[in-house]
Amino acid sequence: MNREASNGQLLGISGLRKNYGSITVLHDIAFEQASGESVVIVGSSGSGKSTLLRCIAGLEDIDDGTILFDGKKVTAGKDSRAALRGEIGMVFQSFNLFAHLTVIENITLAPRLVRDTPRGQADERARDLLEQVGLSDKVHSYPGELSGGQAQRVAIARALAMDPKLILFDEATSALDPELTKEVLDVMQGVIQGGMTVTIVTHEMNFARKAADRMVFMEHGRIVEQGATEDLFTNPRQERTARFLSQIMA
Amino acid sequence: MPGFLDYFFSVNFAIGAGITLALTLLSMFLGIVGGLALALIKTSRIRALQAPTDLYIWLFRGTPILLQLIFIFNALPQMGLRFSAFTSAVIALSLNESAYMAEIIRAGIESVDKGQRSAARVLGLRDGQIMRHVVLPQAMRLIIPPTGNQFIGMLKMSALASVIAVQDLLLRAQRIASANFDYIDTLIAAAAWYLILTTIFTYGQRVLERRMDVTRRKRPEMSAAVGEAR
Ligand SMILES: Nc1ncnc2c1ncn2[C@@H]1O[C@H](COP(=O)(O)OP(=O)(O)O)[C@@H](O)[C@H]1O
Ligand SMILES: [Mg+2]
């Protein structure tokens, strides 16, 4: 393996630039993440957080720089997807559960198609995961029959079913009513405690402070500051970071 | 002199109806396959095939089907391509149908939320798997109702094949009509056969749509749990 992987580094991004048309939405992003680390990305709306996660997930063509994941180059192309085979999971703000499939079918689809997991084994794993996220009674429900909080927990189980090495959470609770937010955050907390490497975009600062080893602050498509979560909260070096945090905590 | 019922129940008319039905089913089947292929190209990122596909759709939707039919039966032999009347009719009807089905299927595919594809891609599914297991099943909800209409339209449109001497229901009715000097009973008997076939198709369409409705009711607000917010 390469040197970085042996140091426990899982994700390494350097010089990443992303344009939409003539507008650059990510400028010269440099970012690293070690295996087992939990990182929270914060920043105001439009600062490029989702775009960064989508680039990491291989959902966007990038215009410059490299994204190395576990020693493999990530691009939006077929070859990259084939090489990763679902090793990076992603949980979306809008859940994106497959509408025509039941909960268990949602969870087993990728293991069966991508990993050739036998049906019985995939089903068994799905049931275990549903128990883990507290939805054992929803095995055969359709996404449309679930509350937002339940749907998001299924989406998390669906991501876990691929045994990814990294899970990206893009505002997983932003579409939820406040009373449903906690049940999803609790499940995310459980995933982190289970040792999963996670990169989380969220506006839930209390959760970030509790759950994240490291925090990244973005503004206008750039990483302004990053560091240990507690340091950033108590002692931000950049004025802009301090302003953002005091605004969002108010 | 035979009457309406004699014609209606005659072997001749029954065979004619069978040929009409065969023409319809074959042409629809090939039209759906062709339309699916065209729709997949139109929704893909294969640049080189976009213009030829547009040209095809423009051509077949922009000229009369009757002209296409006569062209294939009469003009192609002059270029050395000769098909039987029935084959010519199937070719013309399915080429024409492909152009319409392409638009129907494309609209269905495009109605499926982009987030569904994103989720499937991150999970590692290949493009073909995404289309087959995620996009097309959801597109069906929008594809099935207009396809039912196309079926019924095809059943009636297939009567055009009688102009190139395909022995379909209409041609047989016309031949007997002129032989017996009885246009009224023969044409009414043919109309009755067409009505029976279209009624069966309409009923099948309703059953299918109701099935889709049931699944929709089971999943009240699909968009609530599956949509992509940007
Ligand atoms: N598909 C797209 N096409 C064009 N512009 C986009 C697209 N997606 C995002 N953007 C723009 O990129 C910038 C960053 O967006 P995004 O990554 O969604 O920010 P955040 O997630 O931090 O709110 C915004 O200005 C947004 O308008
Ligand atoms: Mg966002």
# chains A, B, ... in the order shown; residues from 1 in each chain; ligands from 1
>>> residues_near_ligand(ligand="ligand 2", cutoff="10 Å", atoms="only C-alpha atoms and all ligand atoms", output="ChimeraX atom specification")
/A:43-54,92-93,170-171,174,201-202 /B:229-230
>>> write_last_selection(atoms="C-alpha atoms", output="PDB file, in the first residue's frame")
ATOM      1  CA  GLY A  43     -20.452  27.009   6.619  1.00  0.00           C
ATOM      2  CA  SER A  44     -23.309  29.132   5.433  1.00  0.00           C
ATOM      3  CA  SER A  45     -25.640  28.072   2.646  1.00  0.00           C
ATOM      4  CA  GLY A  46     -24.003  28.165  -0.775  1.00  0.00           C
ATOM      5  CA  SER A  47     -20.454  27.897   0.578  1.00  0.00           C
ATOM      6  CA  GLY A  48     -19.855  24.655  -1.345  1.00  0.00           C
ATOM      7  CA  LYS A  49     -20.304  21.989   1.336  1.00  0.00           C
ATOM      8  CA  SER A  50     -22.643  19.773  -0.684  1.00  0.00           C
ATOM      9  CA  THR A  51     -20.534  20.157  -3.782  1.00  0.00           C
ATOM     10  CA  LEU A  52     -17.453  19.049  -1.860  1.00  0.00           C
ATOM     11  CA  LEU A  53     -19.238  15.947  -0.564  1.00  0.00           C
ATOM     12  CA  ARG A  54     -20.583  15.173  -4.043  1.00  0.00           C
ATOM     13  CA  PHE A  92     -28.677  12.890   1.519  1.00  0.00           C
ATOM     14  CA  GLN A  93     -30.761  15.692   2.958  1.00  0.00           C
ATOM     15  CA  ASP A 170     -25.118  15.988   3.723  1.00  0.00           C
ATOM     16  CA  GLU A 171     -27.432  17.868   6.084  1.00  0.00           C
ATOM     17  CA  SER A 174     -32.191  19.572   7.637  1.00  0.00           C
ATOM     18  CA  VAL A 201     -22.228  18.565   6.859  1.00  0.00           C
ATOM     19  CA  THR A 202     -24.611  19.874   9.482  1.00  0.00           C
TER      20      THR A 202
ATOM     21  CA  ALA B 229     -33.808  19.062  -2.574  1.00  0.00           C
ATOM     22  CA  ARG B 230     -31.141  21.360  -3.896  1.00  0.00           C
TER      23      ARG B 230
END
>>> closest_atom_pairs(of="chain A", to="chain B", cutoff="9 Å", atoms="only C-alpha atoms", output="CSV")
residue,atom,partner,partner_atom,distance
A:Ala57,CA,B:Val122,CA,6.3
A:Gly58,CA,B:Val122,CA,7.3
A:Leu59,CA,B:Ser118,CA,6.9
A:Lys78,CA,B:Arg126,CA,7.5
A:Arg81,CA,B:Gly124,CA,6.0
A:Ala82,CA,B:Gly124,CA,6.9
A:Leu84,CA,B:Gly124,CA,7.2
A:Arg85,CA,B:Gly124,CA,4.7
A:Gly86,CA,B:Gly124,CA,4.3
A:Glu87,CA,B:Leu123,CA,7.9
A:Ile88,CA,B:Val122,CA,6.9
A:Gly89,CA,B:Val122,CA,6.3
A:Met90,CA,B:Val122,CA,6.6
A:Val91,CA,B:Ala119,CA,8.1
A:Phe92,CA,B:Ala119,CA,8.1
A:Gln93,CA,B:Ala229,CA,7.2
A:Ser94,CA,B:Glu228,CA,5.1
A:Phe95,CA,B:Val226,CA,5.7
A:Asn96,CA,B:Val226,CA,4.1
A:Leu97,CA,B:Val226,CA,5.0
A:Phe98,CA,B:Gln116,CA,6.3
A:Ala99,CA,B:Val226,CA,6.1
A:His100,CA,B:Gln138,CA,6.3
A:Leu101,CA,B:Val134,CA,8.8
A:Leu109,CA,B:His133,CA,8.5
A:Ala110,CA,B:Leu123,CA,6.0
A:Pro111,CA,B:Leu123,CA,8.6
A:Leu113,CA,B:Leu125,CA,7.0
A:Val114,CA,B:Leu125,CA,6.1
A:Tyr142,CA,B:Arg219,CA,6.3
A:Pro143,CA,B:Ala225,CA,5.8
A:Gly144,CA,B:Arg219,CA,4.2
A:Glu145,CA,B:Arg219,CA,5.7
A:Leu146,CA,B:Ala225,CA,7.3
A:Ser147,CA,B:Ala225,CA,7.7
A:Gly148,CA,B:Ala225,CA,6.4
A:Ala151,CA,B:Ala225,CA,6.3
A:Gln152,CA,B:Ala225,CA,8.4
A:Arg158,CA,B:Leu123,CA,8.7
A:Ala159,CA,B:Leu123,CA,7.4
A:Met162,CA,B:Leu123,CA,7.4
A:Ala175,CA,B:Ala229,CA,8.7
>>> select_by_dssp(residues="region 39-186 of chain A", states="alpha helix (DSSP H)", output="PyMOL selection string")
chain A and resi 49-56+78-84+103-114+119-132+148-160+178-186
>>> atom_distance(atom1="CA of Asp63 (chain A)", atom2="CA of Thr24 (chain A)")
9.3 Å
>>> residues_around(residues="Asp186 (chain A)", least_positions_apart="2", cutoff="12 Å", atoms="only C-alpha atoms", output="PDB file with all heavy atoms, in the first residue's frame")
ATOM      1  N   GLN A 132     -30.710  -2.141  14.370  1.00  0.00           N
ATOM      2  CA  GLN A 132     -29.746  -1.158  14.866  1.00  0.00           C
ATOM      3  C   GLN A 132     -30.289   0.271  14.774  1.00  0.00           C
ATOM      4  O   GLN A 132     -30.036   1.095  15.648  1.00  0.00           O
ATOM      5  CB  GLN A 132     -28.453  -1.298  14.040  1.00  0.00           C
ATOM      6  CG  GLN A 132     -27.291  -0.469  14.526  1.00  0.00           C
ATOM      7  CD  GLN A 132     -26.085  -0.627  13.596  1.00  0.00           C
ATOM      8  OE1 GLN A 132     -25.848  -1.704  13.034  1.00  0.00           O
ATOM      9  NE2 GLN A 132     -25.331   0.432  13.431  1.00  0.00           N
ATOM     10  N   VAL A 133     -31.033   0.583  13.718  1.00  0.00           N
ATOM     11  CA  VAL A 133     -31.584   1.931  13.593  1.00  0.00           C
ATOM     12  C   VAL A 133     -33.010   2.016  14.131  1.00  0.00           C
ATOM     13  O   VAL A 133     -33.704   3.019  13.930  1.00  0.00           O
ATOM     14  CB  VAL A 133     -31.528   2.458  12.129  1.00  0.00           C
ATOM     15  CG1 VAL A 133     -30.100   2.478  11.618  1.00  0.00           C
ATOM     16  CG2 VAL A 133     -32.416   1.631  11.204  1.00  0.00           C
ATOM     17  N   GLY A 134     -33.461   0.945  14.792  1.00  0.00           N
ATOM     18  CA  GLY A 134     -34.751   0.970  15.470  1.00  0.00           C
ATOM     19  C   GLY A 134     -35.959   0.891  14.567  1.00  0.00           C
ATOM     20  O   GLY A 134     -37.013   1.470  14.861  1.00  0.00           O
ATOM     21  N   GLY A 149     -37.945  11.082   9.603  1.00  0.00           N
ATOM     22  CA  GLY A 149     -36.910  10.536  10.482  1.00  0.00           C
ATOM     23  C   GLY A 149     -36.680   9.055  10.225  1.00  0.00           C
ATOM     24  O   GLY A 149     -35.536   8.583  10.205  1.00  0.00           O
ATOM     25  N   GLN A 152     -34.865   8.624   6.876  1.00  0.00           N
ATOM     26  CA  GLN A 152     -33.436   8.910   6.953  1.00  0.00           C
ATOM     27  C   GLN A 152     -32.689   7.785   7.672  1.00  0.00           C
ATOM     28  O   GLN A 152     -31.556   7.456   7.312  1.00  0.00           O
ATOM     29  CB  GLN A 152     -33.204  10.264   7.637  1.00  0.00           C
ATOM     30  CG  GLN A 152     -31.818  10.831   7.427  1.00  0.00           C
ATOM     31  CD  GLN A 152     -31.479  11.066   5.955  1.00  0.00           C
ATOM     32  OE1 GLN A 152     -31.419  10.122   5.167  1.00  0.00           O
ATOM     33  NE2 GLN A 152     -31.266  12.321   5.587  1.00  0.00           N
ATOM     34  N   ARG A 153     -33.328   7.179   8.665  1.00  0.00           N
ATOM     35  CA  ARG A 153     -32.665   6.061   9.343  1.00  0.00           C
ATOM     36  C   ARG A 153     -32.521   4.870   8.405  1.00  0.00           C
ATOM     37  O   ARG A 153     -31.517   4.148   8.446  1.00  0.00           O
ATOM     38  CB  ARG A 153     -33.421   5.689  10.620  1.00  0.00           C
ATOM     39  CG  ARG A 153     -33.184   6.728  11.728  1.00  0.00           C
ATOM     40  CD  ARG A 153     -33.835   6.323  13.018  1.00  0.00           C
ATOM     41  NE  ARG A 153     -35.270   6.587  13.016  1.00  0.00           N
ATOM     42  CZ  ARG A 153     -36.159   5.906  13.735  1.00  0.00           C
ATOM     43  NH1 ARG A 153     -35.760   4.903  14.502  1.00  0.00           N
ATOM     44  NH2 ARG A 153     -37.428   6.228  13.701  1.00  0.00           N
ATOM     45  N   ILE A 156     -29.606   5.554   6.225  1.00  0.00           N
ATOM     46  CA  ILE A 156     -28.347   5.268   6.920  1.00  0.00           C
ATOM     47  C   ILE A 156     -28.073   3.759   6.919  1.00  0.00           C
ATOM     48  O   ILE A 156     -26.962   3.312   6.645  1.00  0.00           O
ATOM     49  CB  ILE A 156     -28.373   5.836   8.359  1.00  0.00           C
ATOM     50  CG1 ILE A 156     -28.425   7.374   8.310  1.00  0.00           C
ATOM     51  CG2 ILE A 156     -27.150   5.373   9.145  1.00  0.00           C
ATOM     52  CD1 ILE A 156     -28.677   8.038   9.661  1.00  0.00           C
ATOM     53  N   ALA A 172     -28.161  15.727   6.908  1.00  0.00           N
ATOM     54  CA  ALA A 172     -29.077  14.598   7.034  1.00  0.00           C
ATOM     55  C   ALA A 172     -30.342  14.932   7.805  1.00  0.00           C
ATOM     56  O   ALA A 172     -31.349  14.242   7.673  1.00  0.00           O
ATOM     57  CB  ALA A 172     -28.349  13.424   7.696  1.00  0.00           C
ATOM     58  N   THR A 173     -30.296  15.985   8.620  1.00  0.00           N
ATOM     59  CA  THR A 173     -31.482  16.292   9.425  1.00  0.00           C
ATOM     60  C   THR A 173     -32.164  17.598   9.027  1.00  0.00           C
ATOM     61  O   THR A 173     -33.169  17.979   9.618  1.00  0.00           O
ATOM     62  CB  THR A 173     -31.113  16.395  10.928  1.00  0.00           C
ATOM     63  OG1 THR A 173     -30.137  17.434  11.092  1.00  0.00           O
ATOM     64  CG2 THR A 173     -30.540  15.093  11.445  1.00  0.00           C
ATOM     65  N   LEU A 180     -38.062  15.198  15.002  1.00  0.00           N
ATOM     66  CA  LEU A 180     -37.533  13.981  14.395  1.00  0.00           C
ATOM     67  C   LEU A 180     -36.017  14.030  14.254  1.00  0.00           C
ATOM     68  O   LEU A 180     -35.374  13.035  13.920  1.00  0.00           O
ATOM     69  CB  LEU A 180     -38.161  13.770  13.010  1.00  0.00           C
ATOM     70  CG  LEU A 180     -39.682  13.622  12.980  1.00  0.00           C
ATOM     71  CD1 LEU A 180     -40.175  13.467  11.546  1.00  0.00           C
ATOM     72  CD2 LEU A 180     -40.125  12.427  13.822  1.00  0.00           C
ATOM     73  N   THR A 181     -35.458  15.203  14.499  1.00  0.00           N
ATOM     74  CA  THR A 181     -34.018  15.381  14.292  1.00  0.00           C
ATOM     75  C   THR A 181     -33.209  14.498  15.229  1.00  0.00           C
ATOM     76  O   THR A 181     -32.242  13.848  14.834  1.00  0.00           O
ATOM     77  CB  THR A 181     -33.639  16.856  14.515  1.00  0.00           C
ATOM     78  OG1 THR A 181     -34.338  17.640  13.552  1.00  0.00           O
ATOM     79  CG2 THR A 181     -32.153  17.079  14.351  1.00  0.00           C
ATOM     80  N   LYS A 182     -33.665  14.433  16.479  1.00  0.00           N
ATOM     81  CA  LYS A 182     -32.881  13.733  17.487  1.00  0.00           C
ATOM     82  C   LYS A 182     -32.702  12.257  17.161  1.00  0.00           C
ATOM     83  O   LYS A 182     -31.614  11.711  17.323  1.00  0.00           O
ATOM     84  CB  LYS A 182     -33.529  13.891  18.870  1.00  0.00           C
ATOM     85  CG  LYS A 182     -32.654  13.340  19.982  1.00  0.00           C
ATOM     86  CD  LYS A 182     -33.277  13.541  21.353  1.00  0.00           C
ATOM     87  CE  LYS A 182     -32.417  12.918  22.449  1.00  0.00           C
ATOM     88  NZ  LYS A 182     -32.190  11.483  22.282  1.00  0.00           N
ATOM     89  N   GLU A 183     -33.790  11.618  16.682  1.00  0.00           N
ATOM     90  CA  GLU A 183     -33.697  10.179  16.422  1.00  0.00           C
ATOM     91  C   GLU A 183     -32.653   9.882  15.351  1.00  0.00           C
ATOM     92  O   GLU A 183     -31.980   8.862  15.399  1.00  0.00           O
ATOM     93  CB  GLU A 183     -35.071   9.597  16.047  1.00  0.00           C
ATOM     94  CG  GLU A 183     -35.626  10.084  14.712  1.00  0.00           C
ATOM     95  CD  GLU A 183     -37.051   9.595  14.449  1.00  0.00           C
ATOM     96  OE1 GLU A 183     -37.892   9.729  15.371  1.00  0.00           O
ATOM     97  OE2 GLU A 183     -37.314   9.099  13.343  1.00  0.00           O
ATOM     98  N   VAL A 184     -32.509  10.809  14.394  1.00  0.00           N
ATOM     99  CA  VAL A 184     -31.506  10.600  13.344  1.00  0.00           C
ATOM    100  C   VAL A 184     -30.097  10.906  13.871  1.00  0.00           C
ATOM    101  O   VAL A 184     -29.154  10.158  13.621  1.00  0.00           O
ATOM    102  CB  VAL A 184     -31.834  11.453  12.103  1.00  0.00           C
ATOM    103  CG1 VAL A 184     -30.699  11.390  11.079  1.00  0.00           C
ATOM    104  CG2 VAL A 184     -33.136  10.974  11.464  1.00  0.00           C
ATOM    105  N   MET A 188     -26.774   8.549  13.998  1.00  0.00           N
ATOM    106  CA  MET A 188     -25.467   8.972  13.474  1.00  0.00           C
ATOM    107  C   MET A 188     -24.393   8.859  14.551  1.00  0.00           C
ATOM    108  O   MET A 188     -23.273   8.389  14.298  1.00  0.00           O
ATOM    109  CB  MET A 188     -25.547  10.421  12.961  1.00  0.00           C
ATOM    110  CG  MET A 188     -26.345  10.543  11.668  1.00  0.00           C
ATOM    111  SD  MET A 188     -26.794  12.247  11.247  1.00  0.00           S
ATOM    112  CE  MET A 188     -25.188  12.987  11.028  1.00  0.00           C
ATOM    113  N   GLN A 189     -24.745   9.265  15.749  1.00  0.00           N
ATOM    114  CA  GLN A 189     -23.820   9.149  16.887  1.00  0.00           C
ATOM    115  C   GLN A 189     -23.407   7.691  17.089  1.00  0.00           C
ATOM    116  O   GLN A 189     -22.233   7.384  17.315  1.00  0.00           O
ATOM    117  CB  GLN A 189     -24.526   9.682  18.135  1.00  0.00           C
ATOM    118  CG  GLN A 189     -23.691   9.623  19.406  1.00  0.00           C
ATOM    119  CD  GLN A 189     -22.739  10.800  19.517  1.00  0.00           C
ATOM    120  OE1 GLN A 189     -23.163  11.947  19.419  1.00  0.00           O
ATOM    121  NE2 GLN A 189     -21.468  10.515  19.702  1.00  0.00           N
ATOM    122  N   GLY A 190     -24.397   6.806  16.965  1.00  0.00           N
ATOM    123  CA  GLY A 190     -24.116   5.375  17.105  1.00  0.00           C
ATOM    124  C   GLY A 190     -23.153   4.883  16.035  1.00  0.00           C
ATOM    125  O   GLY A 190     -22.257   4.073  16.303  1.00  0.00           O
ATOM    126  N   VAL A 191     -23.352   5.367  14.811  1.00  0.00           N
ATOM    127  CA  VAL A 191     -22.479   4.973  13.706  1.00  0.00           C
ATOM    128  C   VAL A 191     -21.037   5.414  13.995  1.00  0.00           C
ATOM    129  O   VAL A 191     -20.086   4.659  13.795  1.00  0.00           O
ATOM    130  CB  VAL A 191     -22.981   5.592  12.376  1.00  0.00           C
ATOM    131  CG1 VAL A 191     -21.952   5.408  11.260  1.00  0.00           C
ATOM    132  CG2 VAL A 191     -24.312   4.958  11.978  1.00  0.00           C
ATOM    133  N   ILE A 192     -20.890   6.641  14.503  1.00  0.00           N
ATOM    134  CA  ILE A 192     -19.555   7.154  14.827  1.00  0.00           C
ATOM    135  C   ILE A 192     -18.927   6.324  15.940  1.00  0.00           C
ATOM    136  O   ILE A 192     -17.758   5.928  15.866  1.00  0.00           O
ATOM    137  CB  ILE A 192     -19.631   8.639  15.237  1.00  0.00           C
ATOM    138  CG1 ILE A 192     -20.072   9.480  14.037  1.00  0.00           C
ATOM    139  CG2 ILE A 192     -18.290   9.130  15.775  1.00  0.00           C
ATOM    140  CD1 ILE A 192     -20.457  10.905  14.392  1.00  0.00           C
ATOM    141  N   GLN A 193     -19.732   6.030  16.954  1.00  0.00           N
ATOM    142  CA  GLN A 193     -19.197   5.246  18.082  1.00  0.00           C
ATOM    143  C   GLN A 193     -18.800   3.845  17.644  1.00  0.00           C
ATOM    144  O   GLN A 193     -17.911   3.229  18.222  1.00  0.00           O
ATOM    145  CB  GLN A 193     -20.222   5.189  19.223  1.00  0.00           C
ATOM    146  CG  GLN A 193     -20.042   6.374  20.167  1.00  0.00           C
ATOM    147  CD  GLN A 193     -21.292   6.675  20.977  1.00  0.00           C
ATOM    148  OE1 GLN A 193     -22.288   5.954  20.907  1.00  0.00           O
ATOM    149  NE2 GLN A 193     -21.237   7.753  21.737  1.00  0.00           N
ATOM    150  N   PHE A 207     -24.522  18.901  18.225  1.00  0.00           N
ATOM    151  CA  PHE A 207     -24.144  17.573  17.762  1.00  0.00           C
ATOM    152  C   PHE A 207     -22.698  17.581  17.269  1.00  0.00           C
ATOM    153  O   PHE A 207     -21.906  16.698  17.606  1.00  0.00           O
ATOM    154  CB  PHE A 207     -25.095  17.119  16.650  1.00  0.00           C
ATOM    155  CG  PHE A 207     -24.661  15.852  15.975  1.00  0.00           C
ATOM    156  CD1 PHE A 207     -24.884  14.614  16.568  1.00  0.00           C
ATOM    157  CD2 PHE A 207     -24.021  15.887  14.749  1.00  0.00           C
ATOM    158  CE1 PHE A 207     -24.478  13.446  15.956  1.00  0.00           C
ATOM    159  CE2 PHE A 207     -23.607  14.722  14.122  1.00  0.00           C
ATOM    160  CZ  PHE A 207     -23.838  13.497  14.727  1.00  0.00           C
ATOM    161  N   LYS A 210     -20.210  17.591  20.016  1.00  0.00           N
ATOM    162  CA  LYS A 210     -20.185  16.332  20.745  1.00  0.00           C
ATOM    163  C   LYS A 210     -19.544  15.221  19.913  1.00  0.00           C
ATOM    164  O   LYS A 210     -18.780  14.395  20.420  1.00  0.00           O
ATOM    165  CB  LYS A 210     -21.638  15.954  21.098  1.00  0.00           C
ATOM    166  CG  LYS A 210     -21.786  14.945  22.208  1.00  0.00           C
ATOM    167  CD  LYS A 210     -23.256  14.839  22.620  1.00  0.00           C
ATOM    168  CE  LYS A 210     -24.140  14.531  21.429  1.00  0.00           C
ATOM    169  NZ  LYS A 210     -25.544  14.296  21.720  1.00  0.00           N
ATOM    170  N   ALA A 211     -19.848  15.210  18.604  1.00  0.00           N
ATOM    171  CA  ALA A 211     -19.534  14.023  17.798  1.00  0.00           C
ATOM    172  C   ALA A 211     -18.264  14.131  16.969  1.00  0.00           C
ATOM    173  O   ALA A 211     -17.687  13.111  16.594  1.00  0.00           O
ATOM    174  CB  ALA A 211     -20.710  13.701  16.872  1.00  0.00           C
TER     175      ALA A 211
END
>>> residues_around(residues="region 91-108 of chain B", least_positions_apart="5", cutoff="6 Å", atoms="only C-alpha atoms", output="list in words")
Ser27, Leu30, Gly31, Ile32, Gly34, Gly35, Leu36, Leu38, Ala39, Ile57, Phe60, Leu69, Ala139, Leu142 and Ile143 of chain B
>>> closest_residue(among="A:Glu60, A:Asp128, A:Glu179, A:Glu37", to="ligand 1", atoms="only C-alpha atoms and all ligand atoms")
A:Glu60
>>> residues_around(residues="region 170-173 of chain B", least_positions_apart="6", cutoff="10 Å", atoms="only C-alpha atoms", output="ChimeraX atom specification")
/B:7-8,12-17,20,156,158-164,179,182-183,185-191,193-194
>>> atom_distance(atom1="CA of Ala177 (chain B)", atom2="CA of Met154 (chain B)")
24.1 Å
>>> residues_around(residues="Asn149 (chain B)", least_positions_apart="4", cutoff="9 Å", atoms="only C-alpha atoms", output="JSON, numbers by chain")
{"B": [144, 145, 153, 154, 201, 202, 205]}
>>> write_last_selection(atoms="C-alpha atoms", output="mmCIF file, in the first residue's frame")
data_model
loop_
_atom_site.group_PDB
_atom_site.id
_atom_site.type_symbol
_atom_site.label_atom_id
_atom_site.label_comp_id
_atom_site.auth_asym_id
_atom_site.auth_seq_id
_atom_site.Cartn_x
_atom_site.Cartn_y
_atom_site.Cartn_z
ATOM 1 C CA ILE B 144 -48.002 3.054 -18.978
ATOM 2 C CA PRO B 145 -51.055 5.316 -19.474
ATOM 3 C CA GLY B 153 -54.182 3.996 -31.758
ATOM 4 C CA MET B 154 -52.070 1.269 -33.344
ATOM 5 C CA PHE B 201 -57.378 -3.011 -24.846
ATOM 6 C CA THR B 202 -59.077 -0.153 -23.031
ATOM 7 C CA GLN B 205 -55.259 -0.311 -19.810
#
